[in-house]
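Structure file coords-v6.txt with compact mmCIF, C-alpha atoms:
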# COMPACT_ATOMS: atom_id res chain seq x y z
CA MET D 1312 6.51 38.83 -35.47
CA ALA D 1313 9.87 39.25 -37.20
CA ALA D 1314 11.55 42.63 -37.70
CA ASN D 1315 10.70 42.71 -41.41
CA GLY D 1316 7.00 42.40 -40.61
CA VAL D 1317 6.74 38.73 -41.52
CA THR D 1318 5.27 36.47 -38.82
CA LYS D 1319 7.80 33.98 -37.50
CA ILE D 1320 6.89 30.38 -38.25
CA ILE D 1321 7.02 28.12 -35.19
CA GLU D 1322 8.21 24.68 -36.18
CA TRP D 1323 6.69 21.67 -34.44
CA ASP D 1324 9.72 20.59 -32.43
CA GLU D 1325 10.51 24.12 -31.35
CA GLY D 1326 6.97 24.96 -30.27
CA TRP D 1327 6.19 21.66 -28.60
CA ASP D 1328 9.44 21.75 -26.60
CA PHE D 1329 8.41 25.07 -25.08
CA VAL D 1330 4.89 23.88 -24.32
CA GLN D 1331 6.28 20.79 -22.61
CA VAL D 1332 8.33 22.94 -20.23
CA GLY D 1333 5.14 24.26 -18.66
CA ILE D 1334 3.37 20.89 -18.73
CA ARG D 1335 6.18 19.02 -16.99
CA LYS D 1336 6.63 21.50 -14.23
CA GLN D 1337 2.88 21.82 -13.69
CA MET D 1338 2.67 18.05 -13.22
CA ILE D 1339 5.35 18.25 -10.56
CA ILE D 1340 3.55 21.12 -8.80
CA ILE D 1341 0.20 19.34 -8.88
CA GLU D 1342 1.72 16.20 -7.38
CA GLY D 1343 3.08 18.31 -4.54
CA ALA D 1344 6.69 17.29 -5.15
CA LEU D 1345 7.77 20.85 -5.92
CA GLU D 1346 6.87 23.79 -3.73
CA THR D 1347 8.23 26.49 -6.03
CA GLN D 1348 6.33 28.01 -8.88
CA PHE D 1349 7.40 29.23 -12.29
CA ASP D 1350 10.30 31.63 -11.75
CA SER D 1351 10.80 34.84 -13.73
CA GLU D 1352 13.27 33.26 -16.13
CA GLU D 1353 10.84 30.46 -16.97
CA TYR D 1354 8.04 32.94 -17.44
CA MET D 1355 10.20 34.97 -19.80
CA MET D 1356 11.04 31.81 -21.72
CA LEU D 1357 7.36 30.95 -22.05
CA TYR D 1358 6.51 34.54 -22.83
CA GLU D 1359 8.78 34.47 -25.86
CA TYR D 1360 6.44 31.69 -26.99
CA PRO D 1361 3.56 32.71 -24.72
CA VAL D 1362 0.96 30.27 -23.61
CA TYR D 1363 -2.61 30.73 -22.39
CA ILE D 1364 -2.34 29.20 -18.95
CA CYS D 1365 -3.81 28.90 -15.51
CA VAL D 1366 -1.18 28.20 -12.88
CA CYS D 1367 -1.71 26.56 -9.51
CA LEU D 1368 0.24 28.77 -7.13
CA CYS D 1369 -0.61 27.72 -3.63
CA VAL D 1370 1.11 24.65 -2.28
CA ASN D 1371 0.43 23.46 1.26
CA TRP D 1372 2.93 20.73 2.11
CA ASN D 1373 2.22 18.01 -0.44
CA LYS D 1374 -1.31 19.11 -1.25
CA VAL D 1375 -1.88 21.54 -4.10
CA ILE D 1376 -4.52 24.18 -3.54
CA PHE D 1377 -5.80 25.94 -6.60
CA SER D 1378 -5.69 29.70 -6.19
CA SER D 1379 -7.92 32.17 -7.94
CA LEU D 1380 -4.97 33.82 -9.69
CA VAL D 1381 -5.28 33.26 -13.43
CA ILE D 1382 -2.42 34.41 -15.56
CA LEU D 1383 -3.72 35.23 -18.99
CA LEU D 1384 -1.05 36.00 -21.59
CA ASP D 1385 -1.87 37.54 -24.93
CA ILE D 1386 -3.67 34.79 -26.84
CA GLN D 1387 -2.77 36.44 -30.15
CA GLN D 1388 0.90 35.73 -29.42
CA SER D 1389 0.53 32.41 -27.62
CA THR D 1390 2.40 29.36 -28.76
CA ILE D 1391 -0.69 27.17 -29.00
CA TYR D 1392 -2.58 29.85 -30.89
CA SER D 1393 0.26 30.39 -33.32
CA MET D 1394 0.78 26.68 -33.93
CA CYS D 1395 -2.94 26.31 -34.71
CA THR D 1396 -3.30 29.31 -37.01
CA GLN D 1397 -0.20 29.00 -39.21
CA ASP D 1398 -0.74 28.19 -42.86
CA HIS D 1399 -0.42 24.63 -44.10
CA PRO D 1400 1.83 22.68 -43.63
CA HIS D 1401 2.57 24.43 -40.33
CA ASP D 1402 -0.96 24.18 -38.89
CA TYR D 1403 -0.38 21.75 -36.03
CA SER D 1404 -3.92 21.65 -34.59
CA ASN D 1405 -4.40 17.92 -35.11
CA ARG D 1406 -0.98 17.04 -33.74
CA LEU D 1407 -1.56 19.23 -30.67
CA TYR D 1408 -4.87 17.50 -29.98
CA GLU D 1409 -3.18 14.12 -30.30
CA LYS D 1410 -0.31 15.21 -28.06
CA TYR D 1411 -2.74 16.52 -25.45
CA ASN D 1412 -4.35 13.08 -25.22
CA GLU D 1413 -0.96 11.34 -25.29
CA VAL D 1414 0.34 13.45 -22.40
CA LEU D 1415 -2.64 12.57 -20.23
CA ALA D 1416 -2.65 8.92 -21.24
CA ASP D 1417 1.04 8.63 -20.40
CA TYR D 1418 0.50 10.34 -17.05
CA VAL D 1419 -2.37 8.00 -16.12
CA SER D 1420 -0.46 4.89 -17.23
CA SER D 1421 2.88 5.77 -15.68
CA THR D 1422 1.78 7.50 -12.47
CA ILE D 1423 -1.84 6.84 -11.55
CA MET D 1424 -2.23 3.19 -12.46
CA PRO D 1425 0.83 1.93 -10.52
CA SER D 1426 -0.31 3.80 -7.42
CA LEU D 1427 -3.76 2.17 -7.62
CA ARG D 1428 -2.40 -1.32 -8.19
CA ASP D 1429 -0.25 -1.04 -5.08
CA LYS D 1430 -3.26 -0.30 -2.83
CA HIS D 1431 -5.92 -2.63 -1.51
CA ASP D 1432 -9.21 -2.51 0.35
CA VAL D 1433 -10.24 0.90 1.67
CA PHE D 1434 -6.76 2.30 0.97
CA MET D 1435 -7.37 1.65 -2.70
CA LEU D 1436 -10.54 3.78 -2.56
CA ARG D 1437 -8.67 6.58 -0.85
CA GLU D 1438 -5.95 6.45 -3.47
CA LEU D 1439 -8.59 6.55 -6.21
CA VAL D 1440 -10.07 9.74 -4.76
CA LYS D 1441 -6.62 11.28 -4.41
CA GLN D 1442 -5.57 10.43 -7.96
CA TRP D 1443 -8.89 11.59 -9.42
CA THR D 1444 -8.49 14.96 -7.70
CA THR D 1445 -4.94 15.28 -9.03
CA HIS D 1446 -6.04 14.30 -12.52
CA LYS D 1447 -8.90 16.81 -12.51
CA ASN D 1448 -6.50 19.58 -11.49
CA LEU D 1449 -4.12 18.63 -14.28
CA VAL D 1450 -6.92 18.47 -16.83
CA THR D 1451 -8.21 21.87 -15.70
CA TRP D 1452 -4.80 23.40 -16.35
CA LEU D 1453 -4.15 21.57 -19.61
CA SER D 1454 -7.62 22.25 -21.00
CA ARG D 1455 -6.96 25.96 -20.58
CA LEU D 1456 -3.58 25.61 -22.14
CA PHE D 1457 -5.10 23.85 -25.18
CA HIS D 1458 -8.32 25.85 -25.09
CA TYR D 1459 -7.93 27.16 -28.65
CA LEU D 1460 -8.39 23.63 -30.02
CA ASP D 1461 -12.02 23.71 -28.88
CA ARG D 1462 -12.79 26.77 -30.99
CA TYR D 1463 -12.22 25.22 -34.41
CA LEU D 1464 -10.62 21.78 -34.53
CA VAL D 1465 -12.99 20.15 -32.06
CA LEU D 1466 -16.02 21.93 -33.45
CA TRP D 1467 -15.35 21.19 -37.11
CA ASN D 1468 -14.26 17.59 -36.61
CA LYS D 1469 -16.86 16.74 -33.97
CA LEU D 1470 -14.21 15.69 -31.46
CA SER D 1471 -14.58 15.61 -27.69
CA PRO D 1472 -13.79 18.98 -26.07
CA VAL D 1473 -10.31 18.94 -24.55
CA LYS D 1474 -11.52 18.92 -20.94
CA GLU D 1475 -14.04 16.17 -21.58
CA ALA D 1476 -11.40 14.14 -23.42
CA GLY D 1477 -9.02 14.59 -20.51
CA LEU D 1478 -11.49 13.28 -17.95
CA ALA D 1479 -12.48 10.41 -20.24
CA CYS D 1480 -8.82 9.41 -20.40
CA PHE D 1481 -8.84 8.69 -16.67
CA ARG D 1482 -12.16 6.88 -16.90
CA ASP D 1483 -11.09 4.61 -19.74
CA LEU D 1484 -7.52 3.85 -18.69
CA VAL D 1485 -8.20 3.41 -14.98
CA GLY D 1486 -11.14 1.22 -15.94
CA LEU D 1487 -14.19 2.92 -14.47
CA THR D 1488 -16.33 0.80 -16.75
CA LYS D 1489 -16.58 -2.97 -16.74
CA SER D 1490 -16.26 -5.17 -19.77
CA SER D 1491 -19.22 -7.37 -20.67
CA ASN D 1492 -17.33 -10.46 -19.46
CA ALA D 1493 -16.64 -8.85 -16.10
CA LYS D 1494 -20.29 -7.88 -15.73
CA SER D 1495 -21.48 -11.38 -16.56
CA GLU D 1496 -19.18 -13.03 -14.04
CA MET D 1497 -20.04 -10.49 -11.36
CA LEU D 1498 -23.79 -10.93 -11.87
CA SER D 1499 -23.42 -14.72 -11.79
CA LEU D 1500 -21.65 -14.55 -8.45
CA LEU D 1501 -24.26 -12.15 -7.10
CA TRP D 1502 -27.11 -14.49 -7.92
CA GLN D 1503 -25.23 -17.23 -6.08
CA GLY D 1504 -24.91 -14.99 -3.04
CA LEU D 1505 -21.12 -15.04 -3.38
CA PHE D 1506 -20.47 -11.37 -3.99
CA ILE D 1507 -18.49 -10.84 -0.78
CA PHE D 1508 -15.97 -13.36 -2.10
CA TYR D 1509 -15.88 -11.78 -5.54
CA VAL D 1510 -12.52 -10.14 -4.92
CA LEU D 1511 -10.98 -13.61 -4.60
CA TYR D 1512 -11.93 -14.37 -8.20
CA ALA D 1513 -9.37 -11.78 -9.35
CA LEU D 1514 -10.89 -10.19 -12.37
CA ASP D 1515 -8.01 -7.95 -13.33
CA GLU D 1516 -10.04 -4.79 -13.72
CA CYS D 1517 -9.87 -1.77 -11.46
CA CYS D 1518 -13.57 -1.11 -11.83
CA SER D 1519 -14.44 -4.54 -10.47
CA ARG D 1520 -12.11 -4.00 -7.52
CA PHE D 1521 -13.61 -0.59 -6.76
CA ILE D 1522 -17.18 -1.86 -6.89
CA THR D 1523 -16.32 -4.94 -4.86
CA MET D 1524 -14.91 -2.78 -2.09
CA LEU D 1525 -17.73 -0.23 -2.26
CA ILE D 1526 -20.43 -2.86 -1.84
CA TRP D 1527 -18.43 -4.70 0.79
CA GLN D 1528 -18.27 -1.47 2.79
CA ILE D 1529 -22.01 -0.88 2.42
CA ASP D 1530 -22.85 -4.42 3.54
CA GLN D 1531 -20.54 -3.98 6.52
CA GLU D 1532 -22.45 -0.84 7.47
CA ARG D 1533 -25.72 -2.76 7.17
CA GLU D 1534 -24.31 -5.17 9.71
CA GLY D 1535 -23.64 -2.33 12.15
CA GLU D 1536 -19.99 -1.60 11.37
CA GLN D 1537 -18.69 1.97 11.18
CA ILE D 1538 -17.45 3.01 7.75
CA ASP D 1539 -16.05 6.16 6.18
CA ARG D 1540 -19.18 7.55 4.56
CA ALA D 1541 -17.39 10.62 3.21
CA LEU D 1542 -14.96 8.36 1.38
CA LEU D 1543 -17.76 6.35 -0.22
CA LYS D 1544 -19.48 9.54 -1.33
CA ASN D 1545 -16.25 10.81 -2.91
CA VAL D 1546 -15.74 7.54 -4.79
CA LEU D 1547 -19.33 7.38 -6.02
CA ASP D 1548 -19.14 11.01 -7.09
CA ILE D 1549 -16.34 9.95 -9.45
CA PHE D 1550 -18.71 7.53 -11.19
CA VAL D 1551 -21.13 10.43 -11.60
CA GLU D 1552 -18.51 12.93 -12.77
CA VAL D 1553 -17.00 10.70 -15.45
CA GLY D 1554 -20.46 10.52 -17.02
CA MET D 1555 -20.08 14.16 -18.10
CA GLY D 1556 -23.53 15.16 -16.87
CA GLN D 1557 -25.11 11.72 -17.39
CA LEU D 1558 -25.58 8.90 -14.89
CA ASP D 1559 -24.71 6.12 -17.33
CA TYR D 1560 -21.52 5.00 -15.59
CA TYR D 1561 -22.99 5.33 -12.11
CA GLU D 1562 -26.05 3.31 -13.07
CA ASN D 1563 -24.52 0.71 -15.37
CA ASP D 1564 -21.28 0.04 -13.53
CA PHE D 1565 -22.23 0.58 -9.90
CA GLU D 1566 -25.94 0.88 -9.28
CA ASN D 1567 -27.07 -2.19 -11.23
CA VAL D 1568 -24.64 -4.41 -9.33
CA PHE D 1569 -25.45 -2.68 -6.04
CA LEU D 1570 -29.19 -3.27 -6.47
CA ILE D 1571 -28.63 -6.97 -7.11
CA ASP D 1572 -26.46 -7.19 -4.01
CA THR D 1573 -29.13 -5.30 -2.04
CA ALA D 1574 -31.78 -7.79 -3.16
CA ALA D 1575 -29.52 -10.73 -2.26
CA TYR D 1576 -28.69 -9.22 1.14
CA TYR D 1577 -32.31 -8.66 2.17
CA HIS D 1578 -33.36 -12.00 0.76
CA ARG D 1579 -30.94 -13.67 3.17
CA LYS D 1580 -32.11 -11.50 6.06
CA ALA D 1581 -35.80 -12.10 5.34
CA SER D 1582 -35.40 -15.88 5.36
CA VAL D 1583 -34.07 -15.64 8.93
CA TRP D 1584 -36.27 -12.85 10.29
CA ILE D 1585 -39.55 -14.39 9.12
CA VAL D 1586 -38.82 -17.34 11.41
CA GLU D 1587 -37.42 -15.40 14.36
CA TYR D 1588 -39.83 -12.47 14.64
CA THR D 1589 -43.54 -12.01 15.22
CA CYS D 1590 -45.50 -10.16 12.58
CA PRO D 1591 -45.35 -6.79 14.43
CA ASP D 1592 -41.63 -7.15 15.13
CA TYR D 1593 -40.94 -8.18 11.53
CA MET D 1594 -42.77 -5.10 10.27
CA LEU D 1595 -40.70 -2.96 12.61
CA LYS D 1596 -37.56 -4.45 11.06
CA VAL D 1597 -38.86 -3.66 7.59
CA GLU D 1598 -39.58 -0.08 8.61
CA GLN D 1599 -36.12 0.27 10.15
CA CYS D 1600 -34.45 -1.08 7.01
CA LEU D 1601 -36.34 1.37 4.82
CA ASN D 1602 -35.28 4.26 7.03
CA THR D 1603 -31.62 3.21 7.10
CA GLU D 1604 -31.55 2.86 3.31
CA LYS D 1605 -33.04 6.33 2.95
CA ASP D 1606 -30.36 7.63 5.30
CA ARG D 1607 -27.71 5.85 3.25
CA VAL D 1608 -28.90 7.58 0.08
CA SER D 1609 -28.85 10.99 1.77
CA HIS D 1610 -25.23 10.53 2.87
CA TYR D 1611 -23.39 9.00 -0.07
CA LEU D 1612 -25.54 7.41 -2.77
CA HIS D 1613 -27.00 9.39 -5.63
CA SER D 1614 -30.53 10.60 -4.96
CA SER D 1615 -31.82 8.81 -8.06
CA SER D 1616 -31.06 5.48 -6.35
CA GLU D 1617 -33.55 5.91 -3.50
CA THR D 1618 -36.71 4.67 -5.19
CA LYS D 1619 -34.92 1.67 -6.71
CA ILE D 1620 -33.33 0.63 -3.41
CA LEU D 1621 -36.57 0.90 -1.45
CA GLU D 1622 -38.35 -1.20 -4.08
CA LYS D 1623 -35.76 -3.95 -3.61
CA VAL D 1624 -36.11 -3.83 0.17
CA LEU D 1625 -39.90 -4.04 -0.01
CA GLU D 1626 -39.79 -6.76 -2.63
CA LYS D 1627 -37.49 -9.05 -0.63
CA LEU D 1628 -38.64 -8.28 2.90
CA LEU D 1629 -42.35 -7.72 2.42
CA LEU D 1630 -43.76 -9.06 -0.84
CA ALA D 1631 -41.72 -12.26 -0.90
CA TYR D 1632 -43.04 -13.27 2.54
CA ALA D 1633 -46.40 -11.45 2.54
CA ASN D 1634 -48.60 -14.54 2.82
CA GLN D 1635 -46.43 -16.13 5.51
CA LEU D 1636 -46.32 -12.87 7.43
CA LEU D 1637 -50.06 -12.22 7.28
CA LYS D 1638 -50.88 -15.82 8.27
CA LYS D 1639 -48.65 -16.00 11.35
CA GLU D 1640 -50.74 -17.96 13.83
CA HIS D 1641 -50.43 -15.85 16.95
CA SER D 1642 -49.37 -12.50 15.52
CA GLY D 1643 -50.61 -12.28 11.93
CA LEU D 1644 -53.36 -10.10 10.52
CA ARG D 1645 -56.22 -12.00 12.12
CA ALA D 1646 -54.58 -11.77 15.54
CA LEU D 1647 -53.98 -8.05 15.11
CA LEU D 1648 -57.60 -7.51 14.08
CA ARG D 1649 -58.87 -9.67 16.91
CA ASP D 1650 -56.81 -7.80 19.51
CA ASP D 1651 -57.40 -4.35 18.02
CA LYS D 1652 -53.67 -3.65 17.55
CA VAL D 1653 -54.26 -0.32 15.86
CA GLU D 1654 -50.61 0.78 15.79
CA ASP D 1655 -49.44 -2.48 14.25
CA LEU D 1656 -52.30 -2.49 11.75
CA SER D 1657 -51.46 1.09 10.78
CA ARG D 1658 -47.82 0.13 10.21
CA MET D 1659 -48.91 -2.84 8.11
CA TYR D 1660 -51.09 -0.59 5.99
CA ARG D 1661 -48.33 1.99 5.51
CA LEU D 1662 -45.78 -0.60 4.49
CA PHE D 1663 -47.95 -2.54 2.08
CA LEU D 1664 -49.26 0.71 0.62
CA LYS D 1665 -45.72 1.39 -0.63
CA THR D 1666 -45.88 -1.71 -2.84
CA ARG D 1667 -47.81 -2.24 -6.04
CA THR D 1668 -49.66 -5.42 -5.09
CA GLY D 1669 -49.11 -5.80 -1.37
CA LEU D 1670 -52.18 -3.91 -0.20
CA LYS D 1671 -54.37 -6.13 -2.35
CA ARG D 1672 -53.05 -9.14 -0.47
CA VAL D 1673 -53.80 -7.50 2.86
CA SER D 1674 -57.27 -6.62 1.60
CA MET D 1675 -57.97 -10.22 0.62
CA LYS D 1676 -56.85 -11.52 4.01
CA PHE D 1677 -58.91 -8.85 5.73
CA LYS D 1678 -61.92 -9.81 3.65
CA GLN D 1679 -61.50 -13.47 4.57
CA HIS D 1680 -61.27 -12.57 8.23
CA VAL D 1681 -64.40 -10.42 8.21
CA ARG D 1682 -66.29 -13.05 6.24
CA SER D 1683 -65.26 -15.66 8.76
CA GLU D 1684 -66.48 -13.53 11.67
CA GLY D 1685 -69.69 -12.74 9.84
CA MET D 1686 -70.42 -16.38 9.13
CA ALA D 1687 -69.76 -17.18 12.79
CA VAL D 1688 -72.32 -14.55 13.81
CA ILE D 1689 -74.86 -15.99 11.38
CA GLN D 1690 -74.26 -19.50 12.67
CA GLN D 1691 -74.71 -18.36 16.27
CA ALA D 1692 -77.97 -16.61 15.36
CA GLU D 1693 -79.30 -19.72 13.62
CA ASP D 1694 -78.45 -21.80 16.66
CA ALA D 1695 -80.13 -19.32 19.00
CA ALA D 1696 -83.08 -18.75 16.61
CA SER D 1697 -83.00 -15.06 17.56
CA ASP D 1698 -83.26 -12.37 14.92
CA LYS D 1699 -82.55 -9.66 17.49
CA ALA D 1700 -79.35 -11.36 18.58
CA LEU D 1701 -78.27 -11.62 14.96
CA VAL D 1702 -78.93 -7.96 14.31
CA THR D 1703 -77.10 -6.90 17.45
CA LYS D 1704 -74.07 -8.99 16.55
CA LEU D 1705 -74.11 -7.71 12.99
CA MET D 1706 -74.21 -4.13 14.27
CA GLU D 1707 -71.21 -4.87 16.45
CA LEU D 1708 -69.46 -6.41 13.47
CA HIS D 1709 -70.35 -3.32 11.46
CA ASP D 1710 -68.81 -1.05 14.04
CA LYS D 1711 -65.64 -3.13 14.02
CA HIS D 1712 -65.37 -3.74 10.29
CA SER D 1713 -67.58 -1.16 8.60
CA ARG D 1714 -65.80 -1.35 5.27
CA ARG D 1715 -66.61 -5.02 4.79
CA PHE D 1716 -70.04 -4.97 6.41
CA LEU D 1717 -72.06 -4.73 3.21
CA GLU D 1718 -70.59 -7.99 1.97
CA PHE D 1719 -72.60 -9.80 4.61
CA CYS D 1720 -75.87 -8.07 4.00
CA ASN D 1721 -76.58 -10.58 1.24
CA LYS D 1722 -76.07 -13.60 3.49
CA PHE D 1723 -79.25 -15.60 4.24
CA VAL D 1724 -80.50 -16.97 7.55
CA GLY D 1725 -83.50 -19.27 7.37
CA GLY D 1726 -84.31 -18.09 3.85
CA THR D 1727 -84.15 -14.38 4.76
CA SER D 1728 -81.22 -12.11 3.93
CA CYS D 1729 -79.40 -10.23 6.66
CA ALA D 1730 -80.36 -6.98 4.96
CA GLU D 1731 -84.05 -7.90 5.17
CA LEU D 1732 -83.77 -8.88 8.82
CA LEU D 1733 -82.09 -5.55 9.61
CA ALA D 1734 -84.78 -3.64 7.75
CA SER D 1735 -87.52 -5.53 9.53
CA TYR D 1736 -85.88 -5.02 12.91
CA TYR D 1737 -85.52 -1.27 12.47
CA ASP D 1738 -89.04 -1.03 11.05
CA ASN D 1739 -90.46 -2.57 14.21
CA ILE D 1740 -88.41 -0.20 16.40
CA VAL D 1741 -89.58 2.86 14.51
CA LYS D 1742 -93.22 1.78 14.66
CA ASN D 1743 -93.07 1.07 18.37
CA GLY D 1744 -90.81 3.82 19.71
CA GLY D 1745 -89.77 6.26 17.00
CA LYS D 1746 -86.35 7.89 16.60
CA ASN D 1747 -85.43 7.71 20.27
CA ALA D 1748 -85.93 3.96 20.20
CA VAL D 1749 -83.62 3.70 17.23
CA ASN D 1750 -80.91 5.65 19.05
CA LYS D 1751 -81.42 3.46 22.11
CA ALA D 1752 -81.10 0.35 19.95
CA HIS D 1753 -77.73 1.60 18.73

What do you get writing this file as structure tokens?
Amino acid sequence: MAANGVTKIIEWDEGWDFVQVGIRKQMIIIEGALETQFDSEEYMMLYEYPVYICVCLCVNWNKVIFSSLVILLDIQQSTIYSMCTQDHPHDYSNRLYEKYNEVLADYVSSTIMPSLRDKHDVFMLRELVKQWTTHKNLVTWLSRLFHYLDRYLVLWNKLSPVKEAGLACFRDLVGLTKSSNAKSEMLSLLWQGLFIFYVLYALDECCSRFITMLIWQIDQEREGEQIDRALLKNVLDIFVEVGMGQLDYYENDFENVFLIDTAAYYHRKASVWIVEYTCPDYMLKVEQCLNTEKDRVSHYLHSSSETKILEKVLEKLLLAYANQLLKKEHSGLRALLRDDKVEDLSRMYRLFLKTRTGLKRVSMKFKQHVRSEGMAVIQQAEDAASDKALVTKLMELHDKHSRRFLEFCNKFVGGTSCAELLASYYDNIVKNGGKNAVNKAH
């Protein structure tokens, strides 16, 4: 305020020059190139046109560590506040909002993008994590500096809050979202099983490069290679964070492509395993794959991906080869039932129970097997002309396959149903020996 009681008008060039002093030095501090903080002279300069700021004070070598010290200068006297509350034509709220976005866009284009283009493979992912962390720190500081814009300008004009706009700047300029053309080409290559060579097709988009490397790393891990799981989690967290509380970017730009690759990967594996392994061993492989995918989700994928991934694994490993698996001559369902392989049958039930239609297929095969055994028993009884032998065999069949036993009670032998023969047999036992005879017959 001037000596005569009239508030001093801050012209645009004058005010913005002072604001830039803090912005430029803060960028240097955040990048770790400067280990000194704002000195007393600089603070006094900024205090003459005070700014609402949060300063990063702790620097450890080249890595900036945010401290809890927040320096809050009088917002009533701050430069940003004054430039936003002056009467027209000196209300610079819109220009400040534009400059805020310009500063961040220039920083991303001139500093972050070149550093990403120079890196490849896993080093590119590490650089992405590093630059995202730096950018978030810068946005945190700048969003506090320009905080007053959120109170009125953003609210009245329905603009993105300054922090959200700052993070979106990184997302949009770095390219953490694929164009429709990039998605189409990527999906085409996936369906052809050529995703691992996708990087050679040189779509000039960072997002495509990131996703290519992420999925390549995951497929390498599936093949038994050691990977940096913490790195993958940090990269995938970026796709979640840029969604501002939504999973749109994670799902649309990573997960959709990842699920297609997962389906393609297990389709290739299933076509080999179904030939190499017996039914029990194949089911063990399926169970192992499900467990490893669950473990993968717990370590670096988003939890919402688990159900979708497991569905793809079951679809390609189990449902696609269900009939072939169940019919395996020496190890399929009939062999397991014949040899009373309870553990293997239990595993089969558990696995197919996880699918929508798989258990129905198992049920049909089981029904066919029991019917076949039942018809064999009936044929043997007809050949032996012995009702007692038939009943005994049917009781044994009942004990073995009680759930399907009733289906055979309507079968006829010599014009008489199995149910009638059983009733007649037990009637004779009861008449001749009572309850004890029935127990003995069992």

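Picture a line from atom CA of Asp1530 of chain D to atom CA of Leu1439 of chain D; it runs 20.5 Å.
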
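Atom CA of Val1673 of chain D sits 12.2 Å away from atom CA of Arg1658 of chain D.
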
12 Å contact set for Leu1543 of chain D, all atoms listed in the file, chain neighbours under 2 positions out, as a VMD selection string: chain D and resid 1433 to 1437 1439 to 1440 1521 to 1522 1524 to 1529 1532 1538 to 1541 1545 to 1550 1607 to 1608 1610 to 1613

Point-to-point distance in Å for atom CA of Phe1329 of chain D and atom CA of Ser1426 of chain D: 29.0 Å
